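One file, data.cif, is given below (mmCIF, C-alpha atoms).
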```cif
data_target
loop_
_atom_site.group_PDB
_atom_site.id
_atom_site.type_symbol
_atom_site.label_atom_id
_atom_site.label_comp_id
_atom_site.auth_asym_id
_atom_site.auth_seq_id
_atom_site.Cartn_x
_atom_site.Cartn_y
_atom_site.Cartn_z
ATOM 1 C CA MET K 98 109.360 83.643 108.485
ATOM 2 C CA PRO K 99 113.146 82.985 108.446
ATOM 3 C CA SER K 100 114.291 79.949 106.428
ATOM 4 C CA GLY K 101 115.309 78.193 109.641
ATOM 5 C CA LEU K 102 111.786 78.482 110.983
ATOM 6 C CA ARG K 103 110.352 77.368 107.640
ATOM 7 C CA ARG K 104 112.324 74.136 107.923
ATOM 8 C CA PHE K 105 110.568 73.584 111.201
ATOM 9 C CA GLN K 106 107.150 74.578 109.934
ATOM 10 C CA ARG K 107 105.442 71.617 111.579
ATOM 11 C CA ARG K 108 106.822 72.841 114.865
ATOM 12 C CA ALA K 109 106.214 76.538 114.222
ATOM 13 C CA GLU K 110 103.703 76.827 117.063
ATOM 14 C CA GLN K 111 106.089 75.134 119.494
ATOM 15 C CA VAL K 112 108.883 77.464 118.398
ATOM 16 C CA SER K 113 106.609 80.452 118.909
ATOM 17 C CA LEU K 114 105.716 79.183 122.363
ATOM 18 C CA LEU K 115 109.407 78.721 123.114
ATOM 19 C CA ILE K 116 110.109 82.292 122.083
ATOM 20 C CA ARG K 117 107.294 83.671 124.211
ATOM 21 C CA GLU K 118 108.256 81.560 127.223
ATOM 22 C CA ALA K 119 111.891 82.645 127.028
ATOM 23 C CA PHE K 120 110.754 86.241 126.597
ATOM 24 C CA LEU K 121 108.533 85.958 129.684
ATOM 25 C CA ARG K 122 111.417 84.584 131.732
ATOM 26 C CA GLY K 123 113.293 87.810 131.272
ATOM 27 C CA ILE K 124 115.644 86.779 128.464
ATOM 28 C CA SER K 125 116.384 89.595 126.030
ATOM 29 C CA THR K 126 115.121 89.375 122.457
ATOM 30 C CA ARG K 127 118.697 89.012 121.212
ATOM 31 C CA GLN K 128 119.367 86.111 123.585
ATOM 32 C CA VAL K 129 116.067 84.490 122.652
ATOM 33 C CA GLY K 130 117.214 84.514 119.023
ATOM 34 C CA ARG K 131 120.338 82.600 119.983
ATOM 35 C CA ILE K 132 118.292 80.018 121.889
ATOM 36 C CA VAL K 133 115.985 79.453 118.917
ATOM 37 C CA ALA K 134 119.071 78.990 116.736
ATOM 38 C CA ILE K 135 119.780 75.765 118.624
ATOM 39 C CA LEU K 136 116.542 74.358 117.205
ATOM 40 C CA THR K 137 116.461 76.010 113.805
ATOM 41 C CA GLY K 138 120.104 76.279 112.823
ATOM 42 C CA GLU K 139 119.615 79.957 112.113
ATOM 43 C CA THR K 140 119.830 82.894 114.475
ATOM 44 C CA VAL K 141 116.516 84.687 114.683
ATOM 45 C CA SER K 142 116.817 88.450 114.860
ATOM 46 C CA ALA K 143 115.518 90.502 117.752
ATOM 47 C CA GLN K 144 113.051 92.094 115.312
ATOM 48 C CA THR K 145 111.645 88.678 114.368
ATOM 49 C CA VAL K 146 111.299 87.698 118.000
ATOM 50 C CA SER K 147 109.469 90.942 118.728
ATOM 51 C CA LYS K 148 107.152 90.309 115.784
ATOM 52 C CA LEU K 149 106.339 86.799 116.971
ATOM 53 C CA THR K 150 105.495 88.062 120.458
ATOM 54 C CA ARG K 151 102.958 90.440 118.949
ATOM 55 C CA ASP K 152 100.741 87.503 117.958
ATOM 56 C CA LEU K 153 99.705 87.646 121.600
ATOM 57 C CA ASP K 154 97.606 90.715 120.775
ATOM 58 C CA GLU K 155 94.677 88.631 119.481
ATOM 59 C CA ALA K 156 94.857 86.346 122.506
ATOM 60 C CA VAL K 157 94.787 89.419 124.763
ATOM 61 C CA ARG K 158 91.720 90.734 122.939
ATOM 62 C CA GLN K 159 89.909 87.411 123.352
ATOM 63 C CA PHE K 160 90.811 87.299 127.046
ATOM 64 C CA HIS K 161 89.268 90.719 127.628
ATOM 65 C CA GLN K 162 86.050 89.737 125.814
ATOM 66 C CA ALA K 163 85.584 86.168 127.103
ATOM 67 C CA ARG K 164 82.307 85.348 128.838
ATOM 68 C CA LEU K 165 82.512 84.584 132.540
ATOM 69 C CA GLY K 166 80.446 82.113 134.516
ATOM 70 C CA ASP K 167 78.444 83.412 137.465
ATOM 71 C CA ASP K 168 79.682 80.597 139.690
ATOM 72 C CA TYR K 169 82.409 82.424 141.615
ATOM 73 C CA ALA K 170 82.160 82.508 145.413
ATOM 74 C CA TYR K 171 85.069 84.827 146.170
ATOM 75 C CA LEU K 172 86.463 87.769 144.235
ATOM 76 C CA PHE K 173 89.881 89.280 144.989
ATOM 77 C CA LEU K 174 90.699 92.759 143.655
ATOM 78 C CA ASP K 175 94.059 94.522 143.756
ATOM 79 C CA GLY K 176 96.365 96.729 141.683
ATOM 80 C CA VAL K 177 99.992 96.828 140.607
ATOM 81 C CA SER K 178 102.049 99.758 139.284
ATOM 82 C CA LEU K 179 104.487 99.342 136.358
ATOM 83 C CA ARG K 180 106.753 101.687 134.391
ATOM 84 C CA VAL K 181 105.916 102.375 130.752
ATOM 85 C CA ARG K 182 107.997 104.234 128.194
ATOM 86 C CA ARG K 183 105.956 106.937 126.487
ATOM 87 C CA PRO K 184 106.887 109.577 123.868
ATOM 88 C CA THR K 185 106.720 112.126 126.680
ATOM 89 C CA GLY K 186 108.965 110.058 128.961
ATOM 90 C CA ARG K 187 108.638 107.262 131.462
ATOM 91 C CA LYS K 188 105.365 107.043 133.330
ATOM 92 C CA ARG K 189 103.683 104.774 135.816
ATOM 93 C CA VAL K 190 100.741 102.679 134.632
ATOM 94 C CA HIS K 191 98.425 101.048 137.144
ATOM 95 C CA MET K 192 97.041 97.596 136.402
ATOM 96 C CA LEU K 193 93.768 96.713 138.135
ATOM 97 C CA VAL K 194 93.305 92.964 138.512
ATOM 98 C CA ALA K 195 90.412 90.623 139.352
ATOM 99 C CA TYR K 196 90.889 87.054 140.584
ATOM 100 C CA GLY K 197 88.027 84.628 141.227
ATOM 101 C CA VAL K 198 87.645 81.434 143.254
ATOM 102 C CA ARG K 199 84.740 78.983 142.945
ATOM 103 C CA ARG K 200 83.333 77.012 145.865
ATOM 104 C CA ASP K 201 85.082 73.852 144.642
ATOM 105 C CA GLY K 202 88.425 75.663 144.974
ATOM 106 C CA THR K 203 89.099 76.187 141.273
ATOM 107 C CA ARG K 204 90.478 79.637 140.574
ATOM 108 C CA ARG K 205 91.100 81.951 137.668
ATOM 109 C CA LEU K 206 92.509 85.365 136.917
ATOM 110 C CA LEU K 207 89.454 86.986 135.375
ATOM 111 C CA ALA K 208 90.442 90.423 134.152
ATOM 112 C CA PHE K 209 92.981 93.210 134.149
ATOM 113 C CA VAL K 210 92.888 96.765 132.873
ATOM 114 C CA HIS K 211 95.493 99.504 132.778
ATOM 115 C CA SER K 212 94.459 102.774 134.382
ATOM 116 C CA GLN K 213 95.708 106.136 135.570
ATOM 117 C CA GLY K 214 95.146 105.224 139.198
ATOM 118 C CA GLU K 215 92.733 103.506 141.580
ATOM 119 C CA SER K 216 89.837 105.942 141.637
ATOM 120 C CA GLN K 217 86.221 104.906 142.064
ATOM 121 C CA ALA K 218 85.605 105.435 138.338
ATOM 122 C CA GLU K 219 88.556 103.250 137.331
ATOM 123 C CA TRP K 220 87.512 100.383 139.599
ATOM 124 C CA GLU K 221 83.860 100.740 138.691
ATOM 125 C CA GLY K 222 84.818 100.317 135.051
ATOM 126 C CA LEU K 223 86.509 96.984 135.802
ATOM 127 C CA LEU K 224 83.633 95.742 137.950
ATOM 128 C CA GLN K 225 81.055 96.737 135.331
ATOM 129 C CA ASP K 226 83.094 94.815 132.762
ATOM 130 C CA LEU K 227 83.015 91.688 134.956
ATOM 131 C CA TYR K 228 79.268 92.094 135.455
ATOM 132 C CA GLN K 229 78.523 92.578 131.755
ATOM 133 C CA ARG K 230 80.649 89.560 130.829
ATOM 134 C CA GLY K 231 78.553 87.324 133.081
ATOM 135 C CA LEU K 232 79.782 87.641 136.671
ATOM 136 C CA GLU K 233 76.578 89.085 138.106
ATOM 137 C CA GLY K 234 77.500 88.053 141.631
ATOM 138 C CA ARG K 235 74.503 85.863 142.496
ATOM 139 C CA HIS K 236 76.832 83.390 144.220
ATOM 140 C CA LEU K 237 79.502 85.778 145.453
ATOM 141 C CA GLY K 238 79.989 85.458 149.190
ATOM 142 C CA LEU K 239 82.884 87.855 149.682
ATOM 143 C CA ILE K 240 84.920 90.457 147.805
ATOM 144 C CA ILE K 241 88.436 90.926 149.175
ATOM 145 C CA THR K 242 90.338 94.162 148.465
ATOM 146 C CA ASP K 243 93.434 96.066 149.536
ATOM 147 C CA GLY K 244 91.312 98.721 151.251
ATOM 148 C CA CYS K 245 91.367 101.356 148.496
ATOM 149 C CA PRO K 246 88.529 103.838 149.269
ATOM 150 C CA GLY K 247 87.579 104.254 145.599
ATOM 151 C CA LEU K 248 87.286 100.493 145.185
ATOM 152 C CA ALA K 249 85.101 100.163 148.277
ATOM 153 C CA THR K 250 82.685 102.712 146.823
ATOM 154 C CA ALA K 251 82.727 101.016 143.406
ATOM 155 C CA ILE K 252 81.780 97.701 145.021
ATOM 156 C CA GLN K 253 78.725 99.342 146.585
ATOM 157 C CA THR K 254 77.677 100.485 143.104
ATOM 158 C CA VAL K 255 78.121 97.210 141.189
ATOM 159 C CA TYR K 256 77.863 94.493 143.865
ATOM 160 C CA PRO K 257 75.999 96.197 146.727
ATOM 161 C CA ARG K 258 74.713 92.957 148.296
ATOM 162 C CA VAL K 259 78.108 91.245 148.560
ATOM 163 C CA ARG K 260 80.151 91.355 151.764
ATOM 164 C CA HIS K 261 83.411 93.303 151.520
ATOM 165 C CA GLN K 262 86.614 92.172 153.258
ATOM 166 C CA ARG K 263 89.571 94.537 153.620
ATOM 167 C CA CYS K 264 93.030 92.991 153.484
ATOM 168 C CA TRP K 265 94.678 92.597 156.889
ATOM 169 C CA VAL K 266 98.204 92.682 155.434
ATOM 170 C CA HIS K 267 97.586 96.148 154.013
ATOM 171 C CA LYS K 268 95.869 97.253 157.236
ATOM 172 C CA MET K 269 98.728 96.021 159.426
ATOM 173 C CA ARG K 270 101.187 97.887 157.220
ATOM 174 C CA ASN K 271 99.169 101.085 157.628
ATOM 175 C CA ILE K 272 98.984 100.655 161.391
ATOM 176 C CA LEU K 273 102.646 99.843 161.974
ATOM 177 C CA GLU K 274 104.042 102.627 159.817
ATOM 178 C CA LYS K 275 102.513 105.109 162.306
ATOM 179 C CA VAL K 276 103.980 103.414 165.397
ATOM 180 C CA ARG K 277 107.172 104.310 167.265
ATOM 181 C CA LYS K 278 109.927 101.706 167.248
ATOM 182 C CA CYS K 279 109.669 101.123 170.995
ATOM 183 C CA ASP K 280 105.955 100.161 170.651
ATOM 184 C CA TYR K 281 106.189 98.322 167.345
ATOM 185 C CA GLU K 282 106.207 94.692 168.526
ATOM 186 C CA GLN K 283 103.492 95.130 171.157
ATOM 187 C CA VAL K 284 101.177 97.042 168.807
ATOM 188 C CA LYS K 285 101.753 94.348 166.203
ATOM 189 C CA ARG K 286 100.818 91.551 168.637
ATOM 190 C CA ASP K 287 97.741 93.394 169.885
ATOM 191 C CA ALA K 288 96.506 94.073 166.334
ATOM 192 C CA GLN K 289 97.181 90.500 165.215
ATOM 193 C CA ALA K 290 95.089 89.258 168.147
ATOM 194 C CA ILE K 291 92.048 90.772 166.405
ATOM 195 C CA TYR K 292 92.182 88.748 163.200
ATOM 196 C CA LEU K 293 93.618 85.627 164.853
ATOM 197 C CA ALA K 294 90.639 85.396 167.210
ATOM 198 C CA GLU K 295 88.514 82.242 167.324
ATOM 199 C CA SER K 296 85.297 84.097 166.492
ATOM 200 C CA ARG K 297 83.981 87.506 165.533
ATOM 201 C CA PRO K 298 82.886 88.344 169.116
ATOM 202 C CA GLN K 299 86.369 87.482 170.337
ATOM 203 C CA ALA K 300 87.857 89.632 167.571
ATOM 204 C CA GLU K 301 85.691 92.555 168.641
ATOM 205 C CA ALA K 302 86.811 92.016 172.233
ATOM 206 C CA ALA K 303 90.437 92.010 171.088
ATOM 207 C CA PHE K 304 89.839 95.323 169.346
ATOM 208 C CA CYS K 305 88.387 96.779 172.569
ATOM 209 C CA ASN K 306 91.593 95.772 174.348
ATOM 210 C CA PHE K 307 93.612 97.388 171.550
ATOM 211 C CA ARG K 308 91.589 100.598 171.824
ATOM 212 C CA VAL K 309 91.968 100.841 175.601
ATOM 213 C CA ARG K 310 95.711 100.229 175.449
ATOM 214 C CA TRP K 311 96.647 102.489 172.516
ATOM 215 C CA ARG K 312 94.065 105.253 172.102
ATOM 216 C CA ARG K 313 96.135 107.808 174.003
ATOM 217 C CA ALA K 314 99.413 107.147 172.185
ATOM 218 C CA TYR K 315 97.918 106.509 168.729
ATOM 219 C CA GLY K 316 94.433 107.981 168.704
ATOM 220 C CA SER K 317 94.202 108.403 164.908
ATOM 221 C CA VAL K 318 95.341 104.799 164.335
ATOM 222 C CA VAL K 319 92.701 103.491 166.741
ATOM 223 C CA ARG K 320 89.952 105.621 165.197
ATOM 224 C CA ARG K 321 90.742 104.456 161.658
ATOM 225 C CA LEU K 322 90.881 100.846 162.784
ATOM 226 C CA GLU K 323 87.506 101.218 164.517
ATOM 227 C CA ARG K 324 86.019 102.795 161.390
ATOM 228 C CA ASP K 325 87.274 99.961 159.164
ATOM 229 C CA LEU K 326 86.625 97.125 161.629
ATOM 230 C CA PRO K 327 83.297 95.850 160.172
ATOM 231 C CA GLU K 328 84.925 95.270 156.766
ATOM 232 C CA LEU K 329 88.049 93.802 158.373
ATOM 233 C CA LEU K 330 85.963 91.140 160.153
ATOM 234 C CA SER K 331 83.716 90.048 157.268
ATOM 235 C CA PHE K 332 85.742 86.866 156.750
ATOM 236 C CA PHE K 333 84.365 85.416 160.018
ATOM 237 C CA ALA K 334 81.046 84.790 158.196
ATOM 238 C CA MET K 335 82.774 82.406 155.777
ATOM 239 C CA PRO K 336 83.760 78.729 156.364
ATOM 240 C CA ARG K 337 86.335 78.549 159.132
ATOM 241 C CA HIS K 338 88.937 76.624 157.100
ATOM 242 C CA LEU K 339 89.029 79.520 154.603
ATOM 243 C CA TRP K 340 89.552 82.350 157.099
ATOM 244 C CA ARG K 341 93.307 82.535 156.601
ATOM 245 C CA LYS K 342 92.998 82.838 152.823
ATOM 246 C CA LEU K 343 90.041 85.203 152.812
ATOM 247 C CA ARG K 344 91.361 87.858 155.185
ATOM 248 C CA THR K 345 94.110 89.064 152.826
ATOM 249 C CA THR K 346 94.761 89.635 149.121
ATOM 250 C CA ASN K 347 97.897 87.450 149.324
ATOM 251 C CA VAL K 348 96.695 85.097 146.597
ATOM 252 C CA ILE K 349 96.710 87.886 144.044
ATOM 253 C CA GLU K 350 99.862 89.474 145.458
ATOM 254 C CA ARG K 351 101.722 86.258 144.567
ATOM 255 C CA CYS K 352 100.797 86.861 140.931
ATOM 256 C CA PHE K 353 102.207 90.375 141.199
ATOM 257 C CA VAL K 354 105.492 88.916 142.464
ATOM 258 C CA GLU K 355 105.811 87.051 139.162
ATOM 259 C CA VAL K 356 104.862 90.155 137.170
ATOM 260 C CA ARG K 357 107.533 92.203 138.938
ATOM 261 C CA ARG K 358 110.122 89.430 138.553
ATOM 262 C CA ARG K 359 109.475 89.281 134.826
ATOM 263 C CA THR K 360 109.464 93.039 134.324
ATOM 264 C CA ARG K 361 112.470 93.759 136.549
ATOM 265 C CA THR K 362 114.821 92.957 133.653
ATOM 266 C CA MET K 363 113.200 95.680 131.538
ATOM 267 C CA VAL K 364 114.103 99.318 132.034
ATOM 268 C CA CYS K 365 110.483 99.987 131.151
ATOM 269 C CA PHE K 366 107.841 98.934 128.639
ATOM 270 C CA VAL K 367 107.801 100.341 125.121
ATOM 271 C CA ASN K 368 104.032 100.929 125.230
ATOM 272 C CA VAL K 369 100.818 99.886 126.948
ATOM 273 C CA GLU K 370 100.303 97.027 124.480
ATOM 274 C CA SER K 371 103.545 95.425 125.631
ATOM 275 C CA VAL K 372 102.281 95.653 129.223
ATOM 276 C CA ASP K 373 99.102 93.831 128.195
ATOM 277 C CA ARG K 374 101.054 91.050 126.478
ATOM 278 C CA ILE K 375 103.224 90.415 129.509
ATOM 279 C CA ILE K 376 100.353 90.551 132.019
ATOM 280 C CA TYR K 377 98.153 88.322 129.866
ATOM 281 C CA SER K 378 100.897 85.759 129.280
ATOM 282 C CA ILE K 379 101.782 85.492 132.961
ATOM 283 C CA PHE K 380 98.121 85.230 133.962
ATOM 284 C CA HIS K 381 97.380 82.720 131.193
ATOM 285 C CA ARG K 382 100.205 80.551 132.502
ATOM 286 C CA PHE K 383 98.812 80.708 136.018
ATOM 287 C CA ASN K 384 95.336 79.780 134.761
ATOM 288 C CA LEU K 385 96.659 76.783 132.813
ATOM 289 C CA GLU K 386 98.708 75.576 135.788
ATOM 290 C CA TRP K 387 95.724 75.861 138.136
ATOM 291 C CA LYS K 388 93.430 74.076 135.670
ATOM 292 C CA THR K 389 95.934 71.245 135.154
ATOM 293 C CA ARG K 390 96.427 70.885 138.908
ATOM 294 C CA THR K 391 92.663 70.716 139.494
ATOM 295 C CA LEU K 392 92.150 68.101 136.770
ATOM 296 C CA SER K 393 95.020 66.070 138.205
ATOM 297 C CA LEU K 394 93.431 66.095 141.660
ATOM 298 C CA ILE K 395 90.051 65.066 140.187
ATOM 299 C CA THR K 396 91.695 62.189 138.295
ATOM 300 C CA GLN K 397 93.526 60.996 141.422
ATOM 301 C CA ALA K 398 90.308 61.123 143.431
ATOM 302 C CA ALA K 399 88.501 59.062 140.769
#
```
Starting from the file, give its structure as structure tokens.
Amino acid sequence: MPSGLRRFQRRAEQVSLLIREAFLRGISTRQVGRIVAILTGETVSAQTVSKLTRDLDEAVRQFHQARLGDDYAYLFLDGVSLRVRRPTGRKRVHMLVAYGVRRDGTRRLLAFVHSQGESQAEWEGLLQDLYQRGLEGRHLGLIITDGCPGLATAIQTVYPRVRHQRCWVHKMRNILEKVRKCDYEQVKRDAQAIYLAESRPQAEAAFCNFRVRWRRAYGSVVRRLERDLPELLSFFAMPRHLWRKLRTTNVIERCFVEVRRRTRTMVCFVNVESVDRIIYSIFHRFNLEWKTRTLSLITQAA
């Protein structure tokens, strides 16, 4: 430890947290050293900053092995793609992510794994990990996904009794990218009428209207929507006040926005371990913020 940090030994943990927080906010290791110098009186080298960030490795390991309660009502699953620097060149690494919500509204990012893609085997590995760590799904009411076919099959293997909801944001994107510009707004309104319906029967009626109106112009779009419709309407079986949140994977997409914001300043990651540190740190921050917010609300209610 540099002499400056030794003089602040009582505050070493706070200094380490400062370094990690600055690092996570996209500040370069060299700039982080200058910031720490304000507190320590000595510029900390980029190498020292990098070394201090590696103490996250043990925290990452514990996160991956932590036991999970089987009290989650809703499970959101999605993936994000990031660039990683490898000896053979830059490559894309997929991160598969699980996010859980309990019936009382408390939420937590439960797991993430890096993978080569979003195949059934990759997703099944993540789901089996959740199951073995304690999330057996006895209280799961709904699993919400982006619509990946491999993930849908994996869910049937690990959680076959749980309803599956496909994300409407992803589905709308798939529909509209096949539509001509002149039809775009009308197709959008007609498709939105399905998930904005007041009940499942009304949603099914709205789909019938969509099919009649667009099957000639966009037959393949209509057929795929009809095939996926049961899993697009699963959210209607849940409490009405939750419909808006349960019909998309938006809650987990917001976490990805922060991941991309943090990683945008990097040309790419040095290795997979550095990806894990960043993902874990961002998710850990979210979990702490959500826990603090929940405790605050409980205290106010008391």
Between K:Thr254, K:Gln262, K:Gln159, K:Ser378, which is the closest to K:Phe332 once you count only C-alpha atoms? K:Gln262
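When all atoms listed in the file are used to measure the gap to K:Arg200, the shortest distance among K:Glu219, K:Leu339, K:Ile349, K:Ser178 belongs to K:Leu339.
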Close residues, K:Ala288 itself excluded, 10 Å, all atoms listed in the file, min 2 positions apart in chain, as a JSON list (two decimals) with C-alpha atoms, in the frame of the given file:
```
[["chain", "number", "residue", "atom", "x", "y", "z"],
["K", 265, "TRP", "CA", 94.68, 92.60, 156.89],
["K", 268, "LYS", "CA", 95.87, 97.25, 157.24],
["K", 269, "MET", "CA", 98.73, 96.02, 159.43],
["K", 272, "ILE", "CA", 98.98, 100.66, 161.39],
["K", 273, "LEU", "CA", 102.65, 99.84, 161.97],
["K", 282, "GLU", "CA", 106.21, 94.69, 168.53],
["K", 283, "GLN", "CA", 103.49, 95.13, 171.16],
["K", 284, "VAL", "CA", 101.18, 97.04, 168.81],
["K", 285, "LYS", "CA", 101.75, 94.35, 166.20],
["K", 286, "ARG", "CA", 100.82, 91.55, 168.64],
["K", 290, "ALA", "CA", 95.09, 89.26, 168.15],
["K", 291, "ILE", "CA", 92.05, 90.77, 166.40],
["K", 292, "TYR", "CA", 92.18, 88.75, 163.20],
["K", 293, "LEU", "CA", 93.62, 85.63, 164.85],
["K", 300, "ALA", "CA", 87.86, 89.63, 167.57],
["K", 303, "ALA", "CA", 90.44, 92.01, 171.09],
["K", 304, "PHE", "CA", 89.84, 95.32, 169.35],
["K", 306, "ASN", "CA", 91.59, 95.77, 174.35],
["K", 307, "PHE", "CA", 93.61, 97.39, 171.55],
["K", 308, "ARG", "CA", 91.59, 100.60, 171.82],
["K", 322, "LEU", "CA", 90.88, 100.85, 162.78]]
```
In Å, rounded to a single decimal, give me how far atom CA of K:Ala249 is from atom CA of K:Met335.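 Separation of atom CA of K:Met335 and atom CA of K:Ala249: 19.4 Å.
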Using all atoms listed in the file, give me every residue within 9 Å of (95.6, 99.9, 141.6) in file coordinates, as a CSV table (one decimal) with C-alpha atoms, in the coordinates of the input.
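Saved file selection38.csv follows:
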```csv
chain,number,residue,atom,x,y,z
K,174,LEU,CA,90.7,92.8,143.7
K,175,ASP,CA,94.1,94.5,143.8
K,176,GLY,CA,96.4,96.7,141.7
K,177,VAL,CA,100.0,96.8,140.6
K,178,SER,CA,102.0,99.8,139.3
K,191,HIS,CA,98.4,101.0,137.1
K,192,MET,CA,97.0,97.6,136.4
K,193,LEU,CA,93.8,96.7,138.1
K,194,VAL,CA,93.3,93.0,138.5
K,211,HIS,CA,95.5,99.5,132.8
K,212,SER,CA,94.5,102.8,134.4
K,213,GLN,CA,95.7,106.1,135.6
K,214,GLY,CA,95.1,105.2,139.2
K,215,GLU,CA,92.7,103.5,141.6
K,216,SER,CA,89.8,105.9,141.6
K,219,GLU,CA,88.6,103.2,137.3
K,220,TRP,CA,87.5,100.4,139.6
K,245,CYS,CA,91.4,101.4,148.5
```
Output check: residues returned by the PyMOL selection byres ((chain K and resi 255) around 8), as a VMD selection string: chain K and resid 221 224 to 225 228 251 to 254 256 to 257
Could you expand the PyMOL selection byres ((chain K and resi 356) around 9) into the explicit residues it covers here, written as an MDAnalysis selection string? chainID K and resid 177 351:355 357:361 375:376 379:380
